[in-house]
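> What follows is a single structure, and I will ask about it in a moment.
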Amino acid sequence: MKHFREKLLKDPVFGLILVMPLLIWVAATLIYPVFSAVWLSFVKMRYIGVPAKPAGFSNFLKILADDEFWDTCIRTGWWVAINVILQVWGSIIVALILNQDFKGKNIVRNWIILPWVLPTIVLAIVWKWILDPTHGVVNYILLKMGTVGMPIEFLSSPKWAMPTVILLNSWRWIPYFSIVVLAALQTVPRDLYEAAAMDGASSWAKFWNITIPTIYPMLKVVTLNSFLWSANIFDTIWLLTRGGPLGHTTTLPVYIYSKAFRDFRFSEAAATSILMFLGLLVFVVVYLRLLFREEGATG
Amino acid sequence: MKFKALLIFTVVSFLLLSIVTYAAPVKLVFWHMEARPHRVERIKELCELFNSQHPDIQIVPQVQSWGEIYQLAPAAIQAGRGPDFMLAIPDFLTYIKALGVVQPLDDIIESLTSKYTFFDSALEPYHFDGHYWAVPIYGMDFVLWYRKDLFEKAGLDPNRPPRTWKELLETCEKLKASGVVKYPIAVPGAIHMATDQLIYTLMVVNRAEHIFGEDPDEITFNNPRTVEAYAFYKKLFDYSPPGSAAWAWDQPRTALFTGQVAMVMEKGHYIKGWIDNANAPLEVLGCAPVPVPEGGQLGSIYYSNGLMLLTKDSAKRAAFKKFVEWLHQPEIMSRLLHMDPGFFLPVTRETLYSDAFWSDPVIKEKVAAVLIEIETSKHGKLFGFTRNRVNPNVGAISAANILAWTAQQITVKGLSPEEAVRLGARKMEEAIK
């Protein structure tokens with residue numbers, strides 16, 4: 001019986017049978033929609049359910065000739081870059097604080113995850129009211145303190161909307177990445193710090209020469225995740241500003257949604273999503289190659 | 001033995017006969033987008049009443065949201081999970097009709113018009129391509145809501161609301177100068193249907209209601225009267241609280257109910273909203289027609305909501321016919337309209353002049369406001385439906401909120417109304433390609 005079980009467990013066909021349900025699930029929920037999007041990008045179809053006409057590469061050419069698409073790409077680049085920087089460095093700082101011994105540490109560690117746990121819609125509604133120029137508490141305080149003469153239009157002015165949405169998005173994700181970085185911090189051997197202290201190393205030197213190198217592999221993963229998730233964020237932006245005012249917070253996912261469900265140009269939306277997918281794929285491949293090369297160089 | 005065989009034969013025959021003669025009720029799934037709880041409840045109540053009076057039919061109401069229906073309905077219909085009939089507004093109907101599932105309702109309209117007189121503005125938007133495609137059930141339009149208490153405090157006559165654009169701006173100035181309110185009026189400015197509707201209302205009163213020419217592909221949006229309407233909107237926007245560029249339905253309402261502003265132009269749901277939320281008695285809420293410019297006309301955006309049939313099943317069609325005929329009886333229809341008194345306006349003369357409609361206590365209290373809404377509805381217009389026929393391109397323009405987009409070119413980007421309207425016209429031309 002034991003022999004049979006061992007043989008069965010080593011049998012690739014049995015393994016395939018075991019993973020088959022998952023493969024079917026993935027095929028149904030991922031591969032089919034992807035192929036459907038690819039097909040849609042090569043036909044002309046304005047509305048779901050109406051007959052499609054072959055369109056070749058015309059949808060792609062139309063999108064590539066659209067200034068709004070390129071503006072959105074540049075805006076998405078800024079959105080991702082600033083979010084990644086804020087989220088990675090923010091999570092390091094928060095994790096370093098949480099890694100200290102202080103009273104109530106466990107409570108803080110549990111509660112800090114709250115922004116990440118709460119549904120986006122709840123956060124969006126709450127922040128919209130908090131930041132509202134006329135009814136919001138932030139402007140009320142700023143006006144009372146005399147910091148500003150006029151209320152700040154955080155979500156409706158071209159100057160403030162993007163920085164505000166970036167800050168709110170990073171605020172939402174920093175807790176999650178902090179917990180990940182905190183887990184990595186706890187693997188740093190204490191004796192390294194003790195030895196460095198005996199050598200007279202400053203706190204900064206210990207952080208830069210011990211902490212960062214030790215958690216570096218985890219930071220690479222955090223950076224990659226932060227990049228991909230930021231690039232794909234739709235709900236936070238849509239719920240806070242719907243990509244406005246006048247497209248000032250429109251990133252590629254919002255652009256794609258607007259093309260599909262506001263302009264009813266499903267084929268062009270599909271073509272844009274394919275272009276975005278290819279762009280992300282190139283980034284991930286380059287990033288992973290650089291990582292592997294780095295790891296190869298360091299042995 | 002013979003008796004036993006006869007008994008078995010009788011029992012089997014009886015059972016077979018029972019199966020044959022038993023007919024399950026015809027079930028119709030009904031999607032509506034009146035998602036506020038009191039409206040959901042009233043529609044459910046009425047469907048249950050109909051079902052109890054018609055045991056052979058079962059209407060099953062299901063609530064959806066206007067915010068998602070443009071995406072949800074096509075997907076559900078394609079997947080074979082769509083409703084048998086659903087609520088529609090004219091431009092949404094043109095959108096769903098492109099899927100080829102909307103059924104012509106000429107026989108049903110003929111039967112209804114033999115008993116009831118529909119208002120043209122309610123029925124005509126559903127008549128195109130040689131057929132009627134929906135049965136109108138209620139209409140809605142814009143009026144000026146204002147707070148009499150704030151008018152009084154500012155030294156203005158609370159019973160003399162502004163009637164012209166000039167007076168409206170003067171009233172704004174006086175309210176502001178009095179210090180009673182910092183921001184005299186609230187206007188929505190987001191790229192949203194709320195902004196579209198206000199802008200179009202200003203266009204209507206300024207006689208700029210035609211967005212299309214006689215040729216459905218010709219955009220006539222870029223004209224001096226439209227530019228004037230946008231220029232006036234910008235003046236109102238400057239009196240509106242900061243952040244209005246992101247405002248849609250709820251924020252102007254809150255601003256008026258809390259006394260932060262003194263005026264808002266909106267539809268009739270402010271009456272029920274006021275009762276439920278405002279900090280002052282209902283008599284404080286004043287109502288007036290939308291102010292008109294010199295040389296303008298009384299009016300507003302006006303559209304009726306209708307029911308469209310999405311199934312070819314003849315039994316379901318017959319059941320649908322029974323339902324809409326039942327619903328249009330003035331007593332029943334009044335109960336439906338009273339789900340939000342003063343908001344939903346009758347679409348037939350019979351309901352309008354019925355005692356049942358005027359019996360609601362809220363309507364009795366705000367009778368003047370409801371009369372203003374009804375009078376305005378007679379002059380109401382809807383973009384894409386102003387040339388005595390439906391423009392099939394209107395769905396693409398309204399879904400993309402191009403009227404509101406044009407407004408943001410002025411309020412956010414700082415362009416002149418002339419330049420913004422020129423860009424808006426170009427965007428419309430692109431949208432209908």
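Letters A, B, ... mark the chains of the structure tokens in the order given; residue numbers begin at 1 per chain; ligand numbers begin at 1, in order shown.
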Applying 8 Å and only C-alpha atoms, which residues near stretch 71-78 of chain A remain after dropping the ones on its own chain fewer than 5 positions away? List them as a list in words.
Ala231, Thr249, Thr250, Thr251, Leu252 and Tyr255 of chain A
> Need to verify the contact set: B:Ile363, 12 Å, only C-alpha atoms, exclusion of same-chain residues closer than 2 positions in sequence. Can you return it as a PyMOL selection string?
chain B and resi 268-269+271-272+282+334+337-345+355-361+365-371+373
> Distance table requested - chain A against chain B, cut-off 6 Å, only C-alpha atoms: one row per qualifying residue with the closest atom pair and its distance in Å to one decimal, ordered by chain and rising residue number, as CSV.

residue,atom,partner,partner_atom,distance
A:Gly49,CA,B:Leu99,CA,5.8
A:Val50,CA,B:Leu99,CA,5.6
A:Pro133,CA,B:Gly243,CA,5.7
A:Glu153,CA,B:Gly243,CA,5.2
A:Ser156,CA,B:Ala246,CA,5.3
A:Arg262,CA,B:Ala400,CA,4.7
A:Asp263,CA,B:Ala400,CA,5.2
> Using DSSP on the backbone coordinates, identify all residues within stretch 95-175 of chain B classified as strand (DSSP E or B); present the result as a PyMOL selection string.
chain B and resi 118+127-128+131-132+135-141+143-147+164
> Identify, with DSSP run on backbone atoms, the residues in stretch 94-272 of chain A assigned to helix (DSSP H, G or I), and express the list as number ranges by chain.
A: 94-98, 105-111, 114-117, 120-131, 137-145, 161-185, 190-198, 203-232, 235-241, 252-261, 266-272
> If we count only C-alpha atoms and set the cut-off at 10 Å, which residues sit around B:Ile69, ignoring sequence neighbours fewer than 6 positions away in its own chain? Please answer as a list in words.
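In the requested format, the answer is Trp31, His32, Met33, Ala75, Ala76 and Phe92 of chain B.
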> Pick out the closest residue to B:Leu415 from this set: B:Asn391, B:Phe30, B:Tyr230, B:Asp84. Count only C-alpha atoms.
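Nearest to B:Leu415: B:Tyr230.
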> Which residues, written as an NGL selection string, have at least one atom at most 10 Å from B:Tyr116, with only C-alpha atoms counted and residues fewer than 3 positions away on the same chain left out?
:B and (109-113 or 119 or 325 or 328-330 or 347-351)
> So the first atom is atom CA of A:Ile85 and the second is atom CA of A:Phe227; what is the distance between them in Å, to one decimal place?
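Interatomic distance, atom CA of A:Ile85 to atom CA of A:Phe227: 9.5 Å.
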> Pick out the closest residue to B:Pro55 from this set: B:Val187, B:Val29, B:Ala24, B:Leu309. Count only C-alpha atoms.
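Between B:Val187, B:Val29, B:Ala24, B:Leu309, the residue approaching B:Pro55 most closely is B:Ala24.
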> Leaving out B:Val40 and any residue of its chain fewer than 2 positions from it, which residues lie within 12 Å of it when counting only C-alpha atoms, given as a short mmCIF file (atom, residue, chain, number, x, y, z; two decimals) with C-alpha atoms, in the first residue's frame?

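Result written to around_27.cif:
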data_model
loop_
_atom_site.label_atom_id
_atom_site.label_comp_id
_atom_site.auth_asym_id
_atom_site.auth_seq_id
_atom_site.Cartn_x
_atom_site.Cartn_y
_atom_site.Cartn_z
CA TRP B 31 -35.48 45.26 -13.86
CA HIS B 32 -35.82 48.78 -12.58
CA MET B 33 -33.22 51.29 -11.52
CA GLU B 34 -35.15 53.13 -8.79
CA ALA B 35 -32.68 52.01 -6.16
CA ARG B 36 -33.59 54.30 -3.24
CA PRO B 37 -35.12 52.11 -0.50
CA HIS B 38 -38.56 53.76 -0.40
CA ARG B 42 -43.21 50.79 -3.39
CA ILE B 43 -42.44 49.02 -6.67
CA LYS B 44 -42.29 45.69 -4.84
CA GLU B 45 -45.64 46.41 -3.17
CA LEU B 46 -47.29 47.21 -6.49
CA CYS B 47 -45.89 44.10 -8.18
CA PRO B 61 -38.99 43.05 -9.66
CA GLN B 62 -35.21 43.20 -9.43
CA VAL B 63 -33.32 46.37 -8.55
CA GLN B 64 -30.37 47.58 -10.60
CA SER B 65 -28.51 50.87 -10.61
CA LEU B 336 -46.41 54.45 -8.15
CA MET B 339 -43.15 56.68 -4.13
CA ASP B 340 -41.33 60.03 -4.35
#
> Give me, as a PyMOL selection string, all polymer residues having an atom no more than 8 Å from stretch 114-116 of chain A, counting only C-alpha atoms and skipping those fewer than 5 positions away in the same chain.
chain A and resi 123+171-173+175-176
> Point out the residue among A:Ala271, A:Ile152, A:Val117, A:Leu281 with the least atom-to-atom distance to A:Lys62, counting only C-alpha atoms.
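Closest to A:Lys62 of all the choices is A:Ala271.
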> Do you have the atom CA of B:Gly295-atom CA of B:Trp145 distance handy?
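Atom-to-atom, atom CA of B:Gly295 and atom CA of B:Trp145 are spaced 22.9 Å apart.
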> Do a neighbour search on stretch 310-317 of chain B at 6 Å with only C-alpha atoms, toss out local chain neighbours closer than 6 positions, and write the hits as a list in words.
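With the cut-off at 6 Å, the set is Asp84, Phe85, Val101, Val102 and Gln103 of chain B.
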> A:Ala27, A:Ala37, A:Met45, A:Val80: which is nearest A:Met162, counting only C-alpha atoms?
A:Val80
> For A:Trp229, which of A:Thr147, A:Ser41, A:Asn59, A:Ser170 is the closest residue, counting only C-alpha atoms?
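Of A:Thr147, A:Ser41, A:Asn59, A:Ser170, the one nearest A:Trp229 is A:Ser170, counting only C-alpha atoms.
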> Would you compute the distance between atom CA of B:Gly259 and atom CA of B:Leu150? Give it in Å to one decimal.
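Separating atom CA of B:Gly259 from atom CA of B:Leu150 is a distance of 7.7 Å.
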